[in-house]
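Asks: Before I ask anything, let me first share the structure, which is written out below as structure tokens.
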Amino acid sequence: MGSLTIGAKYKTTIKDPGTPGILRMNDDRFTFTPNDPRSAMKFNVDFRTIKGHKFNKVEGNKAALLNLSKEDKAGGYIFEFDNVGNRDLSRDFVARVLGKHQGIVPPRPTVTPENSVASAALEQLSAAEVERRVKLLREDRNYIRSLFLEIFCKNLNFGQQERTYLKMKQIKDQNKGQVSRMRLVDIKPTTDGRTNKVTFQITPEMIHQIFAEKPAVRRAYLDFVPKKMSETRFWEKYCRAEYLVRTKNTAAATAEAAGDEELAIFLKNDDILAKEAKMKIKRVDPTLDMEADTGDDYIHLPDHGIHRDGNKETVDADSELARRTLSQDLNRHAAVVLEGRSLDVESTDPKTLAEALVRSKKEPPSTSIVDDANHERLVKVARMTEIEDLQAPRSLPCMRPLCIKDPKEYFDSQQANALRSLGGSNDGRKARTCSLSTEEAFHHLMDQMSSIKVNKLNCPIIQSDMALKEVSKACLAELQLQEFLELTIPRSSIDGYPGIATAFLVIDPITSAVLYNKVQRVKEAMTQIYQKLQLIKESAQPDALDAAFNHDVEQQQKSSKAGNRHNGF
Amino acid sequence: MTSAHSKLYSDDVSLVVVVVDTNPFFWAAAALPFADFFAHLIHFVNSILLLNHLNRVVVIAAGVSSCAYILDSSDVSPSGGVGVSDTFDRASRKAEEFIAQDARATAGNGSVASANAASLLSGALSLALCYIQRIFRSGTRHPQPRILCLQGSPDRPEQYVAVMNSIFSAQRSMVPIDSCIVGTQDSAFLQQASYITGGVYLKPQELNGLFQYLAAVFATDLHSRAFLRLPKTLGVDFRASCFCHKKTIDMGYVCSVCLSIFCKNQKKCSTCGSEFSRVMPDLNSMPDQSK
């Protein structure tokens, strides 16, 4: 089991100031030796006479007490220790001893008594643990110093102190220059209940968080302090603005904002955050799900989010005051914590802190990050647009994309196409601008009229005799052919048959040479048709063909009797 | 659009109102001399008159500054003759007088620019429609009226509103407007006119055979056109002109009340006075997709 030697004060009663001395305990008995050799408070007690032990809860400045009660309830031995750790050690030791005597063995504490022999302590530790402690002691001088103070001044256990120290060191390293994970921006004031006084307590940690989460406040601090106002005054105004917002006193907030320029800054929307939010929106990949970005710090959107009292209020769009919502505040705090940007300074001076934050914001961390983000986005877009199943086969020739043409060009090009397709020659008409003056132009026209009057209609428009003759022939032939075809060939075939006379007369005017050509072509077409008719005749029924030919003959006889009734017009 | 057939009229009795472009600036630069053109015109008029003794032809000259009737076949000549030569004499005399009058009017009108002067198509159409209305009210049986425009000058956007009003009036009266373009450029106004009223639009390739075109296409009466395969246009240029600047536009703003067309957004319609409460973005800042 071992023994325990610890410094303590023996008290006869709780109120007794106590006699300082050394308390030694072993498995069988415990002894108390006062520091003053002349004191009579020296005793040696067997554990078998101790029935139980009690200890108090240490709060504030209360002393750590351990009461070992006697078996026959005839009092007990009250020891006061310098700190709770010593008391707990003693308590545990006593508990083990008592348990042993009473048949219950309490769990053995992992800590070892500090005043015990070093070799005994070392024996209970593993080699690795010892090595680690030696390394720690060698490297960290601060730790040695604090440990010395704890061990020799306060009689603390080595392991416990070390653990505590390491834990604090770890937390400190993690949070070095960073915003605390706890949300401290929400400053809760205290009131004394009797007067209207409201007290705000602002710590450097809170200031750090305020500067990190509210860049507008940080900018205002740098601008106003100490040129326009003192730091105290600044924080007074800030707290007042926070109080007005917290109490939802819109009227008072508006009134004070109208009167106090600096206070109004705290009540308005943070424009720096709004700008950052807009930049962030621009960088959002549209191919991704936009729902992930909803609810983000869109503080410029007035009707977004749940207000602190849970109601969704209608927003006065004309109001310049900020309408902060709980979700927006939480999101902003989370964003700042996740940024995890550590600062080089650990100073608690708000000015230094603010400047350091401004410098860190001004650093372009976004260049590489944005480039990476852009690259990643492009890759994602490429991946998303390239769906293999829906890709067209690569072997197809590239199609020219559709485009809307200028309607003027369209119409002119169609006219040109029509000319080409009909075989007509372009008359070469080009727009010619008149370079004559008004008077000259009218004179020209009058001259033309005069020439008309002189020449009258002597100049022939067309050679009427020849034109009349040829056109008559063409029209007659076409008329006869049409009738014949109607009898023998289905209507659908005839519809596609061009009207020779009409088409030629309309499209191309009849001049002497042109007319001759036209007539020749008509004759060739007729020859071809008769050849086709011969083929049909061989394959068709003889009765129908006979009837057709008879009809044709009758028509010819009629036309010869009628004479020149057809005039071609 | 098929041509209108009126059951009140004789099938092949026609009233043809021919609108002739007498813009001196155009004829000074035209490939076909005005003298030849006039000869073709007179032959065509006589051809129509020969088709039916009840046919009537009216020729209206559209000048730069004025319009006038230069021939009415129902007028009896002073000599009492009704032959081809009499028709020619009357028409040429009247045309000469009109050109002189138009020259005087143009000289007095300083706003007419020489190169850009256009013939008064809208005025001539209005005269034609007025004449046709007078014929409608003259008795129970009327000839089938139609208008033939012999246009050479290019369109002027300033006349868009007036021309469109004439076209709609002709449509309402069921008067087809035929178009024969003797100039180099197609006429968007006349394309729309022929399309809307059911007339024929033609731009002859060879002006030397103008009479052939006129006789083959435009001489037939409305009833006979159902049986003929007449030339069709490949497309119609439906571009409009803005009411504010008179420039031809493809896209613009339209008043929802009176359908006036504007090239720029306006707060108030200048035609009917309607106020447009909502301001739209300026179309000029948008990329031109047609280019």
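Residue names in the structure tokens use chain letters A, B, ... in the order shown, residue numbers from 1 in each chain, and ligand numbers from 1 in the order shown.
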Write out as a list in words which residues come within 12 Å of segment 199-202 of chain A when counting only C-alpha atoms, dropping same-chain ones fewer than 6 positions away.
Replies: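 The residues satisfying every condition are Leu184, Val185, Asp186, Ile187, Lys188, Pro189, Thr190, Thr191, Asp192, Gly193, His208, Gln209, Ile210, Glu231, Thr232, Trp235, Glu236, Lys237, Tyr238, Cys239, Arg240, Ala241, Glu242, Tyr243 and Pro350 of chain A.
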Asks: I'd like the contact shell of Ser173 of chain B - 9 Å cut-off, only C-alpha atoms, skipping same-chain residues fewer than 5 positions apart - returned as a list of chain:residue names.
Replies: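 Counting only C-alpha atoms, the residues come to B:Leu129, B:Gln133, B:Phe168.
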Asks: Identify all residues of segment 127-219 of chain B in helix (DSSP H, G or I) (DSSP on the backbone) and supply them as an MDAnalysis selection string.
Replies: chainID B and resid 127:136 157:173 188:197 207:218
Asks: Considering only C-alpha atoms, can you say which of A:Gln102, A:Ser451, A:Ser69, A:Thr203 comes closest to chain B?
Replies: A:Ser451
Asks: So the first atom is atom CA of Leu4 of chain A and the second is atom CA of Met25 of chain A; what is the distance between them in Å, to one decimal place?
Replies: 5.1 Å
Asks: Please provide the set of residues having any atom within 12 Å of Leu54 of chain B, restricted to only C-alpha atoms, with same-chain residues fewer than 4 positions apart removed, written as a list in words.
Replies: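 Once the nearby chain positions are removed, what remains is Tyr9, Ser10, Asp11, Asp12, Val13, Ser14, Leu15, Val16, Ile48, Leu49, Leu50, Ser73, Ser74, Arg141, His142, Pro143 and Gln144 of chain B.
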Asks: For a test of reading the model, state the distance in Å between atom CA of Arg90 of chain B and atom CA of His43 of chain B, rounded to one decimal.
Replies: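 One can read the atom CA of Arg90 of chain B to atom CA of His43 of chain B distance as 13.7 Å.
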Asks: Excluding same-chain residues fewer than 5 positions from segment 32-41 of chain B, what lies within 9 Å of it counting only C-alpha atoms, as a list of chain:residue names?
Replies: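 Contacts, in chain order: A:Leu445, A:Gln448, A:Met449, A:Ser450, A:Ser451, A:Ile452, A:Lys456, A:Leu457, A:Cys459, A:Ile461, B:Val20, B:Thr22, B:Trp27, B:Asn46, B:Phe88, B:Ser92, B:Val182, B:Leu207, B:Asn208, B:Gly209, B:Leu210, B:Phe211, B:Gln212, B:Leu214.
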Asks: Can I get the selection written as an mmCIF file, in the first residue's frame, with C-alpha atoms?
Replies:
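The result, written out as out_38.cif:
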data_model
loop_
_atom_site.group_PDB
_atom_site.id
_atom_site.type_symbol
_atom_site.label_atom_id
_atom_site.label_comp_id
_atom_site.auth_asym_id
_atom_site.auth_seq_id
_atom_site.Cartn_x
_atom_site.Cartn_y
_atom_site.Cartn_z
ATOM 1 C CA LEU A 445 -38.062 64.177 -118.245
ATOM 2 C CA GLN A 448 -38.403 62.507 -122.970
ATOM 3 C CA MET A 449 -42.018 63.605 -123.216
ATOM 4 C CA SER A 450 -41.158 65.734 -126.169
ATOM 5 C CA SER A 451 -39.553 62.814 -127.946
ATOM 6 C CA ILE A 452 -42.668 60.820 -127.298
ATOM 7 C CA LYS A 456 -45.554 58.898 -131.085
ATOM 8 C CA LEU A 457 -45.996 55.163 -131.151
ATOM 9 C CA CYS A 459 -41.366 52.495 -132.549
ATOM 10 C CA ILE A 461 -42.774 47.463 -128.761
ATOM 11 C CA VAL B 20 -47.242 55.685 -112.630
ATOM 12 C CA THR B 22 -42.862 60.043 -112.660
ATOM 13 C CA TRP B 27 -35.976 58.300 -114.701
ATOM 14 C CA ASN B 46 -55.153 50.091 -124.904
ATOM 15 C CA PHE B 88 -52.028 58.549 -126.528
ATOM 16 C CA SER B 92 -49.061 62.568 -123.240
ATOM 17 C CA VAL B 182 -39.455 49.019 -112.920
ATOM 18 C CA LEU B 207 -37.595 45.965 -119.054
ATOM 19 C CA ASN B 208 -37.407 45.938 -122.819
ATOM 20 C CA GLY B 209 -40.270 43.498 -122.742
ATOM 21 C CA LEU B 210 -42.262 45.453 -120.171
ATOM 22 C CA PHE B 211 -45.370 45.344 -122.253
ATOM 23 C CA GLN B 212 -45.193 41.562 -122.386
ATOM 24 C CA LEU B 214 -47.933 43.861 -118.281
#
Asks: I'd like the interatomic distance between atom CA of Gly199 of chain B and atom CA of Asp178 of chain B, to a tenth of an Å.
Replies: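 Atom CA of Gly199 of chain B sits 4.6 Å away from atom CA of Asp178 of chain B.
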Asks: Compile the contact shell of segment 69-71 of chain B as an MDAnalysis selection string: residues with an atom at most 7 Å away, counting only C-alpha atoms, same-chain residues fewer than 4 positions apart removed.
Replies: chainID B and resid 58:61 90:91 94:95
Asks: Would you save the residues of that selection, restricted to N, CA, C and O atoms, as an mmCIF file, in the first residue's frame?
Replies:
data_model
loop_
_atom_site.group_PDB
_atom_site.id
_atom_site.type_symbol
_atom_site.label_atom_id
_atom_site.label_comp_id
_atom_site.auth_asym_id
_atom_site.auth_seq_id
_atom_site.Cartn_x
_atom_site.Cartn_y
_atom_site.Cartn_z
ATOM 1 N N VAL B 58 -57.786 54.184 -115.531
ATOM 2 C CA VAL B 58 -57.423 55.508 -115.023
ATOM 3 C C VAL B 58 -55.934 55.488 -114.744
ATOM 4 O O VAL B 58 -55.432 54.538 -114.148
ATOM 5 N N VAL B 59 -55.251 56.509 -115.216
ATOM 6 C CA VAL B 59 -53.810 56.600 -114.971
ATOM 7 C C VAL B 59 -53.560 57.796 -114.079
ATOM 8 O O VAL B 59 -54.027 58.908 -114.372
ATOM 9 N N ILE B 60 -52.870 57.533 -112.972
ATOM 10 C CA ILE B 60 -52.507 58.586 -112.008
ATOM 11 C C ILE B 60 -50.994 58.700 -112.012
ATOM 12 O O ILE B 60 -50.285 57.698 -111.873
ATOM 13 N N ALA B 61 -50.503 59.891 -112.145
ATOM 14 C CA ALA B 61 -49.055 60.132 -112.091
ATOM 15 C C ALA B 61 -48.660 60.511 -110.681
ATOM 16 O O ALA B 61 -49.287 61.389 -110.063
ATOM 17 N N ARG B 90 -54.064 62.321 -125.467
ATOM 18 C CA ARG B 90 -54.556 62.851 -124.189
ATOM 19 C C ARG B 90 -53.578 62.579 -123.056
ATOM 20 O O ARG B 90 -53.255 63.450 -122.253
ATOM 21 N N ALA B 91 -53.116 61.368 -123.038
ATOM 22 C CA ALA B 91 -52.222 60.982 -121.946
ATOM 23 C C ALA B 91 -50.911 61.753 -121.990
ATOM 24 O O ALA B 91 -50.432 62.249 -120.958
ATOM 25 N N LYS B 94 -51.474 65.433 -120.985
ATOM 26 C CA LYS B 94 -51.708 65.566 -119.549
ATOM 27 C C LYS B 94 -50.426 65.276 -118.754
ATOM 28 O O LYS B 94 -50.127 65.942 -117.761
ATOM 29 N N ALA B 95 -49.678 64.318 -119.216
ATOM 30 C CA ALA B 95 -48.438 63.979 -118.519
ATOM 31 C C ALA B 95 -47.448 65.125 -118.584
ATOM 32 O O ALA B 95 -46.783 65.453 -117.594
#
Asks: Which residues come within 8 Å of Ile249 of chain B, counting only C-alpha atoms, excluding same-chain residues fewer than 4 positions away, as a ChimeraX atom specification?
Replies: /B:239-242,263
Asks: With C-alpha atoms retained, could you export that selection as a PDB file, in the first residue's frame?
Replies:
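Result file follows (again.pdb):
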ATOM      1  CA  ARG B 239     -40.108  45.544 -92.209  1.00  0.00           C
ATOM      2  CA  ALA B 240     -41.741  48.606 -90.790  1.00  0.00           C
ATOM      3  CA  SER B 241     -40.658  52.155 -90.218  1.00  0.00           C
ATOM      4  CA  CYS B 242     -40.691  53.753 -86.827  1.00  0.00           C
ATOM      5  CA  CYS B 263     -37.581  52.545 -82.381  1.00  0.00           C
TER       6      CYS B 263
END
Asks: Can you pull out every residue within 7 Å of Thr31 of chain A, counting only C-alpha atoms, but drop anything in the same chain fewer than 6 positions away, and send it as a list in words?
Replies: Leu23, Arg24, Met25, Phe43, Asn44 and Val45 of chain A
Asks: Please write the residues from the selection above to a file, keeping all heavy atoms, as a PDB file, in the first residue's frame.
Replies:
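Writing done, so here's again-v2.pdb:
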ATOM      1  N   LEU A  23       1.539  15.306   8.298  1.00  0.00           N
ATOM      2  CA  LEU A  23       0.665  14.149   8.471  1.00  0.00           C
ATOM      3  C   LEU A  23       1.283  12.994   7.714  1.00  0.00           C
ATOM      4  O   LEU A  23       1.528  13.085   6.513  1.00  0.00           O
ATOM      5  CB  LEU A  23      -0.721  14.467   7.916  1.00  0.00           C
ATOM      6  CG  LEU A  23      -1.720  13.295   7.898  1.00  0.00           C
ATOM      7  CD1 LEU A  23      -2.064  12.878   9.324  1.00  0.00           C
ATOM      8  CD2 LEU A  23      -2.997  13.702   7.178  1.00  0.00           C
ATOM      9  N   ARG A  24       1.549  11.934   8.521  1.00  0.00           N
ATOM     10  CA  ARG A  24       2.113  10.757   7.877  1.00  0.00           C
ATOM     11  C   ARG A  24       1.104   9.635   8.025  1.00  0.00           C
ATOM     12  O   ARG A  24       0.577   9.403   9.107  1.00  0.00           O
ATOM     13  CB  ARG A  24       3.441  10.358   8.533  1.00  0.00           C
ATOM     14  CG  ARG A  24       4.571  11.331   8.257  1.00  0.00           C
ATOM     15  CD  ARG A  24       5.881  10.786   8.805  1.00  0.00           C
ATOM     16  NE  ARG A  24       6.958  11.714   8.533  1.00  0.00           N
ATOM     17  CZ  ARG A  24       7.271  12.757   9.309  1.00  0.00           C
ATOM     18  NH1 ARG A  24       6.585  12.962  10.425  1.00  0.00           N
ATOM     19  NH2 ARG A  24       8.246  13.571   9.001  1.00  0.00           N
ATOM     20  N   MET A  25       0.874   8.928   6.922  1.00  0.00           N
ATOM     21  CA  MET A  25      -0.082   7.830   6.966  1.00  0.00           C
ATOM     22  C   MET A  25       0.539   6.601   6.349  1.00  0.00           C
ATOM     23  O   MET A  25       1.275   6.693   5.363  1.00  0.00           O
ATOM     24  CB  MET A  25      -1.345   8.205   6.189  1.00  0.00           C
ATOM     25  CG  MET A  25      -2.145   9.343   6.822  1.00  0.00           C
ATOM     26  SD  MET A  25      -3.720   9.611   6.014  1.00  0.00           S
ATOM     27  CE  MET A  25      -3.213  10.532   4.602  1.00  0.00           C
ATOM     28  N   PHE A  43       0.099  13.238  17.737  1.00  0.00           N
ATOM     29  CA  PHE A  43      -0.623  12.009  18.074  1.00  0.00           C
ATOM     30  C   PHE A  43      -0.341  10.946  17.016  1.00  0.00           C
ATOM     31  O   PHE A  43       0.112  11.254  15.900  1.00  0.00           O
ATOM     32  CB  PHE A  43      -2.133  12.227  18.214  1.00  0.00           C
ATOM     33  CG  PHE A  43      -2.746  12.950  17.036  1.00  0.00           C
ATOM     34  CD1 PHE A  43      -3.122  12.260  15.882  1.00  0.00           C
ATOM     35  CD2 PHE A  43      -2.919  14.335  17.086  1.00  0.00           C
ATOM     36  CE1 PHE A  43      -3.682  12.939  14.831  1.00  0.00           C
ATOM     37  CE2 PHE A  43      -3.489  14.993  16.018  1.00  0.00           C
ATOM     38  CZ  PHE A  43      -3.868  14.317  14.868  1.00  0.00           C
ATOM     39  N   ASN A  44      -0.650   9.782  17.460  1.00  0.00           N
ATOM     40  CA  ASN A  44      -0.438   8.600  16.631  1.00  0.00           C
ATOM     41  C   ASN A  44      -1.680   7.741  16.758  1.00  0.00           C
ATOM     42  O   ASN A  44      -2.017   7.275  17.849  1.00  0.00           O
ATOM     43  CB  ASN A  44       0.802   7.846  17.116  1.00  0.00           C
ATOM     44  CG  ASN A  44       1.205   6.723  16.192  1.00  0.00           C
ATOM     45  OD1 ASN A  44       0.419   6.278  15.358  1.00  0.00           O
ATOM     46  ND2 ASN A  44       2.419   6.249  16.365  1.00  0.00           N
ATOM     47  N   VAL A  45      -2.391   7.562  15.644  1.00  0.00           N
ATOM     48  CA  VAL A  45      -3.716   6.908  15.704  1.00  0.00           C
ATOM     49  C   VAL A  45      -3.715   5.688  14.802  1.00  0.00           C
ATOM     50  O   VAL A  45      -3.183   5.721  13.679  1.00  0.00           O
ATOM     51  CB  VAL A  45      -4.832   7.891  15.250  1.00  0.00           C
ATOM     52  CG1 VAL A  45      -6.199   7.245  15.298  1.00  0.00           C
ATOM     53  CG2 VAL A  45      -4.795   9.146  16.123  1.00  0.00           C
TER      54      VAL A  45
END
Asks: Would you mind telling me which residue in B:Gln185, B:Ser66, B:Thr106, B:Thr271 lies nearest to Leu121 of chain B when using only C-alpha atoms?
Replies: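 Nearest to Leu121 of chain B: B:Ser66.
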Asks: Which residue out of B:Asp155, B:Asp72, B:Asp237, B:Glu275 has the minimum interatomic distance to chain A when only C-alpha atoms are used?
Replies: B:Asp237
